[in-house]
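Student: Data: entry22.cif, mmCIF, C-alpha atoms and all ligand atoms.
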data_run
loop_
_atom_site.label_atom_id
_atom_site.label_comp_id
_atom_site.auth_asym_id
_atom_site.auth_seq_id
_atom_site.Cartn_x
_atom_site.Cartn_y
_atom_site.Cartn_z
CA MET E 1068 98.40 97.50 88.47
CA LYS E 1069 101.57 98.78 90.14
CA LEU E 1070 102.25 98.43 93.84
CA HIS E 1071 105.23 100.14 95.45
CA VAL E 1072 106.68 98.85 98.72
CA LEU E 1073 108.03 101.80 100.72
CA ARG E 1074 110.07 101.38 103.87
CA CYS E 1075 108.98 103.90 106.53
CA GLY E 1076 111.49 103.14 109.26
CA THR E 1077 112.19 100.18 111.50
CA ILE E 1078 111.27 98.63 114.81
CA ARG E 1079 113.77 96.92 117.08
CA VAL E 1080 111.67 94.37 118.92
CA SER E 1081 112.03 91.13 120.84
CA GLY E 1082 112.76 88.12 118.65
CA THR E 1083 109.53 86.61 120.02
CA VAL E 1084 107.40 89.30 118.33
CA PRO E 1085 107.43 87.68 114.85
CA PHE E 1086 107.43 84.02 115.94
CA GLY E 1087 106.50 83.87 119.64
CA ASN E 1088 103.63 81.41 119.10
CA THR E 1089 101.85 82.75 122.17
CA VAL E 1090 100.14 85.97 123.20
CA ASP E 1091 99.61 86.81 126.85
CA LEU E 1092 100.47 89.57 129.28
CA LYS E 1093 103.54 87.76 130.60
CA SER E 1094 105.13 87.49 127.16
CA THR E 1095 104.27 91.13 126.39
CA PHE E 1096 105.99 92.29 129.60
CA ARG E 1097 109.02 90.17 128.66
CA GLN E 1098 109.07 91.77 125.18
CA ILE E 1099 109.01 95.25 126.71
CA ALA E 1100 112.00 94.41 128.95
CA GLU E 1101 113.91 92.38 126.32
CA PRO E 1102 117.68 93.16 126.22
CA ASP E 1103 119.20 94.37 122.95
CA SER E 1104 120.96 91.05 122.39
CA ARG E 1105 117.59 89.33 121.98
CA ARG E 1106 115.99 91.91 119.70
CA VAL E 1107 115.67 91.95 115.93
CA VAL E 1108 115.42 94.93 113.61
CA LEU E 1109 112.36 94.66 111.35
CA PRO E 1110 111.22 97.02 108.59
CA VAL E 1111 108.01 99.04 108.74
CA SER E 1112 106.62 98.77 105.21
CA VAL E 1113 103.79 100.79 103.72
CA PHE E 1114 102.29 100.25 100.29
CA LEU E 1115 101.46 102.73 97.54
CA ILE E 1116 99.07 101.37 94.93
CA GLU E 1117 98.56 102.93 91.50
CA HIS E 1118 94.87 102.03 91.31
CA PRO E 1119 92.73 103.09 88.31
CA CYS E 1120 90.68 105.26 90.74
CA GLY E 1121 93.81 107.02 92.01
CA LEU E 1122 96.71 106.53 94.39
CA VAL E 1123 95.94 104.40 97.43
CA LEU E 1124 98.31 104.32 100.39
CA VAL E 1125 98.08 101.41 102.84
CA ASP E 1126 99.36 102.44 106.30
CA THR E 1127 101.64 105.37 107.08
CA GLY E 1128 104.73 104.20 109.02
CA TRP E 1129 106.55 106.25 111.65
CA CYS E 1130 106.53 110.06 111.73
CA ARG E 1131 109.59 112.30 111.51
CA GLU E 1132 109.06 113.64 115.06
CA ILE E 1133 109.83 110.20 116.53
CA SER E 1134 113.32 110.17 114.97
CA PRO E 1135 114.19 113.82 114.16
CA ALA E 1136 117.80 113.16 113.12
CA GLY E 1137 117.01 109.86 111.44
CA VAL E 1138 118.52 107.76 114.23
CA TYR E 1139 117.04 106.10 117.31
CA ASP E 1140 116.32 108.93 119.77
CA SER E 1141 114.86 107.70 123.04
CA ALA E 1142 113.86 111.20 124.22
CA ALA E 1143 112.01 111.91 120.96
CA VAL E 1144 110.27 108.54 121.12
CA ARG E 1145 109.13 109.24 124.68
CA ARG E 1146 107.55 112.51 123.55
CA LEU E 1147 105.20 110.52 121.29
CA LEU E 1148 104.80 107.13 122.94
CA PRO E 1149 104.23 106.06 126.55
CA ALA E 1150 107.24 104.37 128.19
CA HIS E 1151 106.02 100.78 127.68
CA LEU E 1152 105.46 101.27 123.94
CA ALA E 1153 108.72 103.20 123.52
CA ALA E 1154 110.53 100.23 125.10
CA PHE E 1155 108.55 97.70 123.06
CA TYR E 1156 109.13 99.26 119.61
CA ARG E 1157 112.46 101.19 119.75
CA PRO E 1158 111.51 102.94 116.51
CA CYS E 1159 113.88 104.57 114.06
CA LEU E 1160 113.14 106.52 110.87
CA PRO E 1161 116.20 107.11 108.65
CA PRO E 1162 116.39 110.35 106.63
CA GLY E 1163 114.08 110.40 103.62
CA GLU E 1164 111.92 107.48 104.81
CA ALA E 1165 108.97 109.38 106.35
CA ILE E 1166 105.92 109.02 104.12
CA HIS E 1167 105.73 112.71 103.12
CA GLU E 1168 109.45 112.67 102.31
CA GLN E 1169 108.99 109.62 100.08
CA LEU E 1170 105.97 111.16 98.35
CA ALA E 1171 107.95 114.37 97.71
CA GLU E 1172 110.82 112.30 96.28
CA ARG E 1173 108.31 111.02 93.70
CA GLY E 1174 107.00 114.49 92.98
CA LEU E 1175 103.81 113.81 94.95
CA SER E 1176 102.06 115.50 97.86
CA PRO E 1177 99.41 114.06 100.23
CA ARG E 1178 96.80 115.82 98.07
CA ASP E 1179 97.66 113.35 95.32
CA LEU E 1180 96.45 110.44 97.48
CA HIS E 1181 92.94 109.32 96.62
CA THR E 1182 92.65 107.12 99.73
CA VAL E 1183 94.70 106.19 102.76
CA VAL E 1184 93.76 102.79 104.21
CA LEU E 1185 94.67 102.13 107.84
CA THR E 1186 94.89 98.39 108.48
CA HIS E 1187 94.74 98.95 112.24
CA LEU E 1188 95.67 101.59 114.83
CA ASP E 1189 99.01 100.37 116.21
CA PRO E 1190 101.43 103.33 116.29
CA ASP E 1191 103.84 101.98 113.64
CA HIS E 1192 100.92 102.04 111.18
CA VAL E 1193 99.34 105.43 112.03
CA ALA E 1194 102.11 107.74 113.31
CA GLY E 1195 102.72 109.04 109.76
CA LEU E 1196 99.10 110.28 109.50
CA ARG E 1197 100.25 113.72 110.70
CA HIS E 1198 102.21 114.08 107.44
CA LEU E 1199 99.17 113.38 105.25
CA ASP E 1200 96.94 116.44 105.66
CA GLY E 1201 95.03 116.94 102.42
CA ALA E 1202 94.74 113.27 101.46
CA GLY E 1203 91.38 112.54 99.77
CA ARG E 1204 90.04 110.16 102.40
CA ILE E 1205 91.42 108.15 105.29
CA VAL E 1206 89.56 104.91 106.00
CA LEU E 1207 89.60 102.34 108.81
CA PRO E 1208 87.26 99.49 109.79
CA GLU E 1209 84.73 100.70 112.38
CA ASP E 1210 85.27 97.56 114.48
CA GLU E 1211 88.96 98.39 114.81
CA TYR E 1212 88.15 101.94 115.92
CA PHE E 1213 85.65 100.66 118.47
CA TRP E 1214 88.13 98.07 119.79
CA SER E 1215 90.76 100.71 120.32
CA CYS E 1216 88.36 103.03 122.17
CA ARG E 1217 87.72 100.39 124.82
CA THR E 1218 89.79 101.31 127.88
CA VAL E 1219 92.33 98.51 128.06
CA TYR E 1220 93.50 98.96 124.46
CA LYS E 1221 94.23 102.65 124.87
CA THR E 1222 97.49 101.48 126.38
CA ARG E 1223 98.48 99.82 123.09
CA GLN E 1224 97.23 102.37 120.55
CA PRO E 1225 97.85 105.93 121.81
CA GLN E 1226 94.88 108.02 120.72
CA SER E 1227 96.99 111.18 120.37
CA LEU E 1228 98.34 109.72 117.10
CA TRP E 1229 94.94 109.38 115.41
CA ILE E 1230 91.95 110.63 117.39
CA ASP E 1231 91.97 114.12 115.82
CA ARG E 1232 92.43 112.89 112.25
CA PRO E 1233 89.49 112.85 109.83
CA ILE E 1234 89.16 109.06 109.76
CA GLU E 1235 86.18 107.63 107.89
CA ARG E 1236 85.01 104.41 109.50
CA LEU E 1237 83.91 101.61 107.19
CA TYR E 1238 81.86 98.53 107.99
CA TYR E 1239 82.81 95.01 107.11
CA ARG E 1240 80.00 93.18 105.34
CA GLY E 1241 79.27 89.58 104.50
CA SER E 1242 81.68 88.39 101.81
CA PRO E 1243 83.12 85.15 100.43
CA LEU E 1244 86.52 86.53 101.50
CA GLY E 1245 88.39 86.17 104.76
CA PRO E 1246 88.50 83.85 107.76
CA ASN E 1247 85.22 85.31 109.07
CA ARG E 1248 83.67 85.95 105.63
CA TRP E 1249 83.74 89.65 106.41
CA ALA E 1250 85.16 92.30 104.07
CA ASN E 1251 84.64 95.80 102.71
CA ASP E 1252 84.65 96.40 98.96
CA LEU E 1253 86.23 99.86 98.92
CA PHE E 1254 85.53 100.80 95.28
CA GLY E 1255 82.47 98.58 94.76
CA ASP E 1256 84.15 96.55 92.02
CA GLY E 1257 86.16 93.99 93.98
CA SER E 1258 89.45 95.65 93.01
CA LEU E 1259 90.39 96.63 96.55
CA MET E 1260 88.97 94.62 99.42
CA LEU E 1261 89.55 95.27 103.12
CA VAL E 1262 89.41 91.76 104.55
CA ASN E 1263 88.87 91.18 108.26
CA VAL E 1264 91.82 89.13 109.62
CA PRO E 1265 91.45 89.18 113.43
CA GLY E 1266 93.98 88.02 116.01
CA HIS E 1267 96.66 90.71 115.98
CA THR E 1268 93.92 93.12 117.05
CA ASP E 1269 90.16 92.64 117.07
CA ALA E 1270 89.34 93.77 113.54
CA PRO E 1271 92.40 94.63 111.45
CA ALA E 1272 92.18 94.65 107.68
CA ALA E 1273 94.30 92.79 105.20
CA VAL E 1274 94.08 94.46 101.79
CA LEU E 1275 93.43 92.35 98.72
CA VAL E 1276 94.27 94.22 95.51
CA ARG E 1277 92.93 92.66 92.34
CA SER E 1278 94.04 93.39 88.79
CA GLY E 1279 92.37 91.28 86.12
CA ARG E 1280 92.85 87.66 87.09
CA SER E 1281 95.70 88.18 89.55
CA PHE E 1282 95.85 89.72 92.99
CA VAL E 1283 98.24 90.73 95.76
CA LEU E 1284 97.36 90.31 99.43
CA LEU E 1285 98.76 92.81 101.92
CA ALA E 1286 98.54 90.79 105.13
CA ALA E 1287 99.51 93.72 107.43
CA ASP E 1288 100.35 92.21 110.85
CA ALA E 1289 98.20 89.07 110.56
CA ALA E 1290 101.57 87.44 109.81
CA SER E 1291 105.16 88.58 110.22
CA SER E 1292 106.46 86.48 107.33
CA PRO E 1293 105.40 83.46 105.23
CA ARG E 1294 106.97 81.25 107.90
CA ASN E 1295 103.93 81.99 110.12
CA TRP E 1296 101.37 80.44 107.77
CA ARG E 1297 103.66 77.78 106.31
CA GLU E 1298 104.62 76.39 109.73
CA GLY E 1299 101.53 77.41 111.71
CA ILE E 1300 103.58 79.59 114.09
CA THR E 1301 101.66 82.60 115.35
CA PRO E 1302 103.33 85.98 115.87
CA GLY E 1303 104.06 86.62 119.56
CA PHE E 1304 102.29 89.95 119.66
CA GLY E 1305 98.53 90.16 119.35
CA PHE E 1306 95.48 89.55 121.47
CA ASP E 1307 93.86 86.26 120.43
CA ARG E 1308 96.02 83.33 119.33
CA ARG E 1309 93.05 81.24 118.23
CA MET E 1310 91.94 84.00 115.87
CA GLN E 1311 95.53 84.51 114.70
CA LEU E 1312 95.61 80.82 113.67
CA LYS E 1313 92.29 81.11 111.87
CA SER E 1314 93.55 84.14 109.95
CA LEU E 1315 96.85 82.36 109.13
CA ARG E 1316 94.93 79.40 107.72
CA TRP E 1317 92.97 81.72 105.44
CA ILE E 1318 96.19 83.46 104.33
CA ALA E 1319 97.76 80.05 103.56
CA GLU E 1320 94.76 79.12 101.38
CA THR E 1321 94.89 82.50 99.66
CA ALA E 1322 98.65 82.28 99.06
CA ALA E 1323 98.14 78.88 97.40
CA ASP E 1324 95.67 80.32 94.86
CA PRO E 1325 97.39 80.32 91.43
CA ALA E 1326 96.04 83.86 90.89
CA CYS E 1327 97.96 85.14 93.93
CA ALA E 1328 100.96 87.17 92.74
CA ALA E 1329 102.28 87.86 96.26
CA VAL E 1330 101.40 88.01 99.95
CA LEU E 1331 103.27 90.83 101.67
CA CYS E 1332 103.59 91.36 105.43
CA SER E 1333 104.30 94.79 106.93
CA HIS E 1334 107.36 93.72 108.96
CA ASP E 1335 108.99 91.07 106.78
CA PRO E 1336 112.71 91.76 106.15
CA ALA E 1337 112.46 89.56 103.04
CA VAL E 1338 110.06 92.05 101.40
CA PRO E 1339 112.35 94.60 99.72
CA SER E 1340 111.45 98.17 98.79
CA GLY E 1341 110.52 98.29 95.14
CA THR E 1342 107.69 97.89 92.68
CA ILE E 1343 105.49 94.89 91.91
CA VAL E 1344 103.56 94.91 88.64
CA PHE E 1345 100.68 92.46 88.42
ZN ZN K 1401 102.92 96.66 112.92
#
Output the file's structure as structure tokens, nothing else.
Ligand SMILES: [Zn+2]

Tutor:
Amino acid sequence: MKLHVLRCGTIRVSGTVPFGNTVDLKSTFRQIAEPDSRRVVLPVSVFLIEHPCGLVLVDTGWCREISPAGVYDSAAVRRLLPAHLAAFYRPCLPPGEAIHEQLAERGLSPRDLHTVVLTHLDPDHVAGLRHLDGAGRIVLPEDEYFWSCRTVYKTRQPQSLWIDRPIERLYYRGSPLGPNRWANDLFGDGSLMLVNVPGHTDAPAAVLVRSGRSFVLLAADAASSPRNWREGITPGFGFDRRMQLKSLRWIAETAADPACAAVLCSHDPAVPSGTIVF
């Protein structure tokens, strides 16, 4: 199996976002107001899998409209995100990095995508959906959709980015996998599992891709980097630290499995663009 790591822009966020070790309203307000000197630039990675059933894209990155000239453009960001999210993320999408641009570079169009998996509905993961008209199917865990529709979370996951898209909602089911033993077997053969890893949001999915005896785990935002599960430090952006810790413990166990070829986080600067064969 081949898995391509594609960089779809960056976020410039508070240094407490990857390793804050706490999640509460006070720290979120501080992150929104954080001065530049205390921010870090992190990649927004998406993953293109050459699965035997077809091409599977995991997450979609930023959209071109948020960074029309390929540089940080506060006015453009404010046209797509409310002020608090614009200030939190400070997104940028360099030329050629939007998902449709990267597909075209490979001679592909959205119609060539068998499935698009959304790990959760935060804007850095779904803004690129607008570039993917024609993709075979777009899937998301139902619990994540429901969570985002509850009033308070509308402020974190602007519905304008995804509510009109043809998203198919999947149910987690009992499974030996995951911190809550809850997963969805997308192709019915164990080759691509959406594993419930709560904490960052209520029901985000990590994606476990299996090829023969080995597998890669795409941890999405359940961790910012291996430091989180190795040192037990939770990311400083989420909604439930206790659940974040539980998910990190499961990721640590999974990473220690000799069959695990890699665990990749969506915003880890140490994960380079490129191809993993496993
Ligand atoms: Zn994210």

Student: If we count all atoms listed in the file and set the cut-off at 9 Å, which residues sit around region 1119-1128 of chain E, ignoring sequence neighbours fewer than 4 positions away in its own chain? Please answer as a PyMOL selection string.

Tutor: chain E and resi 1068+1074-1077+1111-1115+1160+1164-1166+1179-1187+1190-1196+1198-1199+1254+1274+1285+1287

Student: Next, write the just-selected residues to a file, as a short mmCIF file (atom, residue, chain, number, x, y, z; two decimals), keeping the file's coordinate frame, keeping C-alpha atoms as the atom set.

Tutor:
data_model
loop_
_atom_site.label_atom_id
_atom_site.label_comp_id
_atom_site.auth_asym_id
_atom_site.auth_seq_id
_atom_site.Cartn_x
_atom_site.Cartn_y
_atom_site.Cartn_z
CA MET E 1068 98.40 97.50 88.47
CA ARG E 1074 110.07 101.38 103.87
CA CYS E 1075 108.98 103.90 106.53
CA GLY E 1076 111.49 103.14 109.26
CA THR E 1077 112.19 100.18 111.50
CA VAL E 1111 108.01 99.04 108.74
CA SER E 1112 106.62 98.77 105.21
CA VAL E 1113 103.79 100.79 103.72
CA PHE E 1114 102.29 100.25 100.29
CA LEU E 1115 101.46 102.73 97.54
CA LEU E 1160 113.14 106.52 110.87
CA GLU E 1164 111.92 107.48 104.81
CA ALA E 1165 108.97 109.38 106.35
CA ILE E 1166 105.92 109.02 104.12
CA ASP E 1179 97.66 113.35 95.32
CA LEU E 1180 96.45 110.44 97.48
CA HIS E 1181 92.94 109.32 96.62
CA THR E 1182 92.65 107.12 99.73
CA VAL E 1183 94.70 106.19 102.76
CA VAL E 1184 93.76 102.79 104.21
CA LEU E 1185 94.67 102.13 107.84
CA THR E 1186 94.89 98.39 108.48
CA HIS E 1187 94.74 98.95 112.24
CA PRO E 1190 101.43 103.33 116.29
CA ASP E 1191 103.84 101.98 113.64
CA HIS E 1192 100.92 102.04 111.18
CA VAL E 1193 99.34 105.43 112.03
CA ALA E 1194 102.11 107.74 113.31
CA GLY E 1195 102.72 109.04 109.76
CA LEU E 1196 99.10 110.28 109.50
CA HIS E 1198 102.21 114.08 107.44
CA LEU E 1199 99.17 113.38 105.25
CA PHE E 1254 85.53 100.80 95.28
CA VAL E 1274 94.08 94.46 101.79
CA LEU E 1285 98.76 92.81 101.92
CA ALA E 1287 99.51 93.72 107.43
#

Student: Within 8 Å of Gly1137 (chain E), counting all atoms listed in the file, which residues qualify if same-chain residues fewer than 5 places away don't, as an NGL selection string?

Tutor: :E and (1131 or 1159-1162)

Student: Show which residues sit within 12 Å of Pro1325 (chain E), as a PyMOL selection string. Count all atoms listed in the file, and ignore same-chain residues fewer than 5 positions away.

Tutor: chain E and resi 1280-1283+1320

Student: So for region 1262-1271 of chain E, what box centre and size do we get, axis-aligned, 8 Å extra on each of the six sides, every listed atom, Å to one decimal, as AutoDock Vina command-line options?

Tutor:
--center_x 92.8 --center_y 91.3 --center_z 110.8 --size_x 23.8 --size_y 22.6 --size_z 28.5

Student: Near Arg1297 (chain E), counting all atoms listed in the file, which residues have an atom at most 7 Å away, once you skip same-chain residues fewer than 3 positions from it, shown as a list of chain:residue names?

Tutor: E:Pro1293, E:Arg1294, E:Ala1319

Student: List the neighbours of region 1219-1235 of chain E out to 9 Å using only C-alpha atoms; skip same-chain residues closer than 3 positions along the sequence, and give me the result as a VMD selection string.

Tutor: chain E and resid 1147 to 1149 1151 to 1152 1188 to 1190 1193 to 1197 1200 1204 to 1209 1214 to 1216

Student: Write the residues you've just listed into a file as a PDB file, in the coordinates of the input, and include C-alpha atoms for each of them.

Tutor:
ATOM      1  CA  LEU E1147     105.200 110.520 121.290  1.00  0.00           C
ATOM      2  CA  LEU E1148     104.800 107.130 122.940  1.00  0.00           C
ATOM      3  CA  PRO E1149     104.230 106.060 126.550  1.00  0.00           C
ATOM      4  CA  HIS E1151     106.020 100.780 127.680  1.00  0.00           C
ATOM      5  CA  LEU E1152     105.460 101.270 123.940  1.00  0.00           C
ATOM      6  CA  LEU E1188      95.670 101.590 114.830  1.00  0.00           C
ATOM      7  CA  ASP E1189      99.010 100.370 116.210  1.00  0.00           C
ATOM      8  CA  PRO E1190     101.430 103.330 116.290  1.00  0.00           C
ATOM      9  CA  VAL E1193      99.340 105.430 112.030  1.00  0.00           C
ATOM     10  CA  ALA E1194     102.110 107.740 113.310  1.00  0.00           C
ATOM     11  CA  GLY E1195     102.720 109.040 109.760  1.00  0.00           C
ATOM     12  CA  LEU E1196      99.100 110.280 109.500  1.00  0.00           C
ATOM     13  CA  ARG E1197     100.250 113.720 110.700  1.00  0.00           C
ATOM     14  CA  ASP E1200      96.940 116.440 105.660  1.00  0.00           C
ATOM     15  CA  ARG E1204      90.040 110.160 102.400  1.00  0.00           C
ATOM     16  CA  ILE E1205      91.420 108.150 105.290  1.00  0.00           C
ATOM     17  CA  VAL E1206      89.560 104.910 106.000  1.00  0.00           C
ATOM     18  CA  LEU E1207      89.600 102.340 108.810  1.00  0.00           C
ATOM     19  CA  PRO E1208      87.260  99.490 109.790  1.00  0.00           C
ATOM     20  CA  GLU E1209      84.730 100.700 112.380  1.00  0.00           C
ATOM     21  CA  TRP E1214      88.130  98.070 119.790  1.00  0.00           C
ATOM     22  CA  SER E1215      90.760 100.710 120.320  1.00  0.00           C
ATOM     23  CA  CYS E1216      88.360 103.030 122.170  1.00  0.00           C
TER      24      CYS E1216
END

Student: For CA of Pro1339 (chain E) and CA of Leu1275 (chain E), determine how far apart the two atoms are, in Å to one decimal place.

Tutor: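 Between CA of Pro1339 (chain E) and CA of Leu1275 (chain E) the gap works out to 19.1 Å.
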
Student: When distances are computed from all atoms listed in the file, which of E:Gly1163, E:Gly1082, E:Pro1110, E:Gly1087 shows the smallest separation from ligand ZN 1401 (chain K)?

Tutor: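 Among the listed residues, E:Pro1110 lies closest to ligand ZN 1401 (chain K).
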
Student: For ligand ZN 1401 (chain K), which residue out of E:Trp1296, E:Tyr1239, E:Tyr1156, E:Phe1306 is the nearest one, using only C-alpha atoms and all ligand atoms?

Tutor: E:Tyr1156

Student: When you count all atoms listed in the file, which of these residues is closest to ligand ZN 1401 (chain K): E:Ser1291, E:Thr1089, E:Thr1095, E:Asn1247?

Tutor: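 Answer, going by the shortest atom-to-atom distance: E:Ser1291.
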
Student: Name the closest residue to ligand ZN 1401 (chain K) among the candidates E:Ala1322, E:Ala1250, E:Val1144, E:Leu1109; distances are taken between atoms, counting all atoms listed in the file.

Tutor: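 Between E:Ala1322, E:Ala1250, E:Val1144, E:Leu1109, the residue approaching ligand ZN 1401 (chain K) most closely is E:Leu1109.
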
Student: With 9 Å as the threshold, what does the neighbourhood of (96.9, 87.9, 103.0) contain in terms of residues, counting all atoms listed in the file? Coordinates are those of the file; answer as a list in words.

Tutor: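 The residues near that point, listed by chain and number, are Gly1245, Val1262, Val1264, Ala1273, Val1274, Leu1275, Val1283, Leu1284, Leu1285, Ala1286, Ala1287, Ala1289, Ala1290, Ser1314, Leu1315, Trp1317, Ile1318, Ala1319, Thr1321, Ala1322, Ala1329, Val1330, Leu1331 and Cys1332 of chain E.
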
Student: How many Å separate CA of Asp1269 (chain E) from CA of Lys1313 (chain E)?

Tutor: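 Computed distance, CA of Asp1269 (chain E) to CA of Lys1313 (chain E), equals 12.8 Å.
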
Student: So how far away is CA of Ile1133 (chain E) from CA of Arg1145 (chain E), in Å?

Tutor: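 Atom-to-atom, CA of Arg1145 (chain E) to CA of Ile1133 (chain E), that is 8.2 Å.
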
Student: Could you check which of E:Asp1335, E:Ile1099, E:Ser1104, E:Val1344 is closest to ligand ZN 1401 (chain K), using all atoms listed in the file?

Tutor: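 Distance minimum relative to ligand ZN 1401 (chain K) lands on E:Asp1335.
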
Student: Restricting the calculation to all atoms listed in the file: of E:Arg1106, E:Arg1236, E:Arg1173, E:Arg1079, which residue gets closest to Pro1158 (chain E)?

Tutor: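 Distance minimum relative to Pro1158 (chain E) lands on E:Arg1079.
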